[in-house]
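Enquirer: Structure in structure tokens, see below.
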Amino acid sequence: MHLANRVLKGDLQAAARLITLVENESPESIEEMSIIYPHTGRAYIIGITGPPGAGKSSLTDALIKFFRDQKKTVGVVAVDPSSAFTGGAILGDRIRMQRHCIDPDVFIRSLATRGWIGGLAKTTVGAVHIMDAMGKDVIIIETVGSGQIEIDISRAADTTLLVLTPGSGDEIQMMKAGILEAADVFAVNKSDQPGAETIKNGLELMLGLRPHCATDFMPRVISTTAIQDLGVNDLAEEIMRHHEHLVTTGLLQNRQRARAKFELLETLQGFLTNFMQRIDEGDYLDKLVDNLLKGKTNPYTATMDIATRFAGDLDNMKSKGNQK
Ligand SMILES: Nc1nc2c(ncn2[C@@H]2O[C@H](COP(=O)(O)OP(=O)(O)O)[C@@H](O)[C@H]2O)c(=O)[nH]1
Ligand SMILES: [Mg+2]
């Protein structure tokens, strides 16, 4: 039986193995994922992002508890591009969420790809699909890093939570990088520490300046102290308020559609990049260049030549697929 079919039957080990296949970009993963894909699109996906040490894992742990109290099943994808090198944060994530380890309705997976953003995004989306197909009601993606990764993750989630802390000054950086725009819900964690009010006020001011019309979701900044479980319910309610907003305005469907399109384009781009790399492997491209220099062809004719080769490759792939 395919791993994917075992995943659909709720086999946790099969799910872990399938995520590894996706992570390693194994060729089998394509067929497995095409079995998974029709069973996706049901889960509510929450992205949690912010600088290292802000308390993302501690808040994730608290949110898992909130959703479990509501009898919802939860999947967590903890993504840390740096931990492939340090190993540190992933260990932290495990420790922070330890109390849920024995709960069969909580599935936690850490991902540490080798710092390659494209691969990371693809693996993350793959892991989310697998958990979605497993029937998880809520899937939380925890990611660290600032800049593009956070914006990419906000594309992968229905609701994106940005976690900041007092005294870090990160908010200015984030505003510049466009992350404030990409987030829906805002938490100032470590509110037990000095300066929490200042950053909350600063954030509220910046969010007030976001362009908005009457039907827009008006975000509130929630103060939390994850280690004392303070503010966590408010935060969960704010996340649910955003979810409701997405549902009632029909924006949820828009986001899902945009996500499907984004994933399709990313996959296509990966496919084309692969092809481009492969045509430079033998002497095919060099011969074309020789002919260009000799004036025997021109860039347009040569491009058509490459496109014909591409179509040939596709035909080959299709007939291989049919032979199976
Ligand atoms: N003082 C204080 N420390 C916290 C709070 N939340 C988390 N921490 C601590 O901050 C450190 C980093 O937390 P973690 O959840 O791993 O952060 P992450 O890197 O964003 O996932 C840990 O030592 C936590 O115990 C908080 O509200 N107040
Ligand atoms: Mg963490």
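Labeling convention for the structure tokens: chains A, B, ... as they appear, residues from 1 per chain, ligands from 1 in order of appearance.
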Show me which residues line ligand 1, defined as having an atom within 7 Å of a ligand atom where only C-alpha atoms and all ligand atoms count, and present them as a PyMOL selection string.

Expert: chain A and resi 50-59+89+92-93+96+189-193+224-228

Enquirer: Keeping only N, CA and C atoms, write those residues as a short mmCIF file (atom, residue, chain, number, x, y, z; two decimals), in the first residue's frame.

Expert:
```
data_model
loop_
_atom_site.label_atom_id
_atom_site.label_comp_id
_atom_site.auth_asym_id
_atom_site.auth_seq_id
_atom_site.Cartn_x
_atom_site.Cartn_y
_atom_site.Cartn_z
N GLY A 50 8.17 35.55 13.93
CA GLY A 50 8.79 36.55 14.80
C GLY A 50 10.23 36.18 15.06
N PRO A 51 10.98 37.08 15.70
CA PRO A 51 12.42 36.82 15.90
C PRO A 51 12.69 35.63 16.83
N PRO A 52 13.91 35.08 16.76
CA PRO A 52 14.27 33.95 17.63
C PRO A 52 14.13 34.35 19.10
N GLY A 53 13.59 33.46 19.89
CA GLY A 53 13.50 33.71 21.34
C GLY A 53 12.32 34.57 21.76
N ALA A 54 11.45 34.96 20.80
CA ALA A 54 10.32 35.83 21.14
C ALA A 54 9.26 35.10 21.96
N GLY A 55 9.27 33.78 21.88
CA GLY A 55 8.27 33.00 22.62
C GLY A 55 7.27 32.32 21.69
N LYS A 56 7.65 32.14 20.44
CA LYS A 56 6.74 31.51 19.46
C LYS A 56 6.38 30.08 19.88
N SER A 57 7.39 29.31 20.29
CA SER A 57 7.11 27.92 20.68
C SER A 57 6.28 27.89 21.96
N SER A 58 6.57 28.78 22.89
CA SER A 58 5.80 28.82 24.14
C SER A 58 4.35 29.17 23.83
N LEU A 59 4.12 30.11 22.92
CA LEU A 59 2.74 30.48 22.55
C LEU A 59 2.08 29.36 21.75
N ALA A 89 17.37 25.66 18.16
CA ALA A 89 15.98 26.06 18.29
C ALA A 89 15.03 24.87 18.25
N GLY A 92 14.71 23.39 21.43
CA GLY A 92 13.85 24.28 22.23
C GLY A 92 12.39 24.05 21.92
N ASP A 93 12.05 23.92 20.62
CA ASP A 93 10.66 23.71 20.22
C ASP A 93 10.12 22.44 20.86
N ARG A 96 9.58 22.91 24.60
CA ARG A 96 8.45 23.81 24.87
C ARG A 96 7.10 23.12 24.66
N ASN A 189 4.76 39.52 23.35
CA ASN A 189 5.00 38.52 24.39
C ASN A 189 6.06 39.04 25.36
N LYS A 190 6.26 38.34 26.45
CA LYS A 190 7.17 38.75 27.53
C LYS A 190 6.70 40.09 28.10
N SER A 191 5.37 40.20 28.27
CA SER A 191 4.82 41.43 28.80
C SER A 191 5.18 41.61 30.27
N ASP A 192 5.79 40.59 30.87
CA ASP A 192 6.29 40.72 32.23
C ASP A 192 7.57 41.56 32.26
N GLN A 193 8.11 41.85 31.09
CA GLN A 193 9.38 42.59 31.06
C GLN A 193 9.16 44.07 30.75
N THR A 224 0.88 39.30 25.93
CA THR A 224 0.91 37.95 26.50
C THR A 224 2.16 37.74 27.36
N THR A 225 2.03 36.85 28.32
CA THR A 225 3.20 36.35 29.04
C THR A 225 3.07 34.83 28.98
N ALA A 226 3.68 34.27 27.94
CA ALA A 226 3.45 32.85 27.64
C ALA A 226 3.82 31.96 28.82
N ILE A 227 4.93 32.27 29.50
CA ILE A 227 5.39 31.36 30.56
C ILE A 227 4.45 31.34 31.76
N GLN A 228 3.59 32.37 31.89
CA GLN A 228 2.61 32.35 32.99
C GLN A 228 1.19 32.11 32.45
#
```

Enquirer: Just checking: using only C-alpha atoms and all ligand atoms, which residue out of A:Leu12, A:Ala187, A:Val79, A:Met33 ends up closest to ligand 2?

Expert: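 Nearest candidate to ligand 2 out of A:Leu12, A:Ala187, A:Val79, A:Met33: A:Val79.
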
Enquirer: May I have a table of the residues of region 103-222 of chain A lying at most 12 Å from region 256-263 of chain A, giving each one's closest pair of atoms and their distance in Å to one decimal, counting only C-alpha atoms, ordered by chain and ascending residue number, as JSON lines?

Expert:
```
{"residue": "A:Gly118", "atom": "CA", "partner": "A:Glu263", "partner_atom": "CA", "distance": 11.2}
{"residue": "A:Ala121", "atom": "CA", "partner": "A:Glu263", "partner_atom": "CA", "distance": 9.5}
{"residue": "A:Lys122", "atom": "CA", "partner": "A:Glu263", "partner_atom": "CA", "distance": 8.2}
{"residue": "A:Thr123", "atom": "CA", "partner": "A:Glu263", "partner_atom": "CA", "distance": 11.4}
{"residue": "A:Thr124", "atom": "CA", "partner": "A:Glu263", "partner_atom": "CA", "distance": 11.3}
{"residue": "A:Val125", "atom": "CA", "partner": "A:Glu263", "partner_atom": "CA", "distance": 8.3}
{"residue": "A:Gly126", "atom": "CA", "partner": "A:Glu263", "partner_atom": "CA", "distance": 10.1}
{"residue": "A:His129", "atom": "CA", "partner": "A:Ala260", "partner_atom": "CA", "distance": 11.5}
{"residue": "A:Asp152", "atom": "CA", "partner": "A:Phe262", "partner_atom": "CA", "distance": 9.9}
{"residue": "A:Ile153", "atom": "CA", "partner": "A:Arg259", "partner_atom": "CA", "distance": 10.5}
{"residue": "A:Ser154", "atom": "CA", "partner": "A:Arg259", "partner_atom": "CA", "distance": 9.9}
{"residue": "A:Arg155", "atom": "CA", "partner": "A:Arg259", "partner_atom": "CA", "distance": 6.3}
{"residue": "A:Ala156", "atom": "CA", "partner": "A:Arg259", "partner_atom": "CA", "distance": 6.4}
{"residue": "A:Ala157", "atom": "CA", "partner": "A:Arg259", "partner_atom": "CA", "distance": 8.4}
{"residue": "A:Asp158", "atom": "CA", "partner": "A:Gln256", "partner_atom": "CA", "distance": 7.6}
{"residue": "A:Thr159", "atom": "CA", "partner": "A:Gln256", "partner_atom": "CA", "distance": 11.3}
```

Enquirer: Which is closer to ligand 2 than all the others in A:Glu142, A:Glu31, A:Asp137, A:Asp229, using only C-alpha atoms and all ligand atoms?

Expert: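 Result for the nearest residue to ligand 2: A:Glu142.
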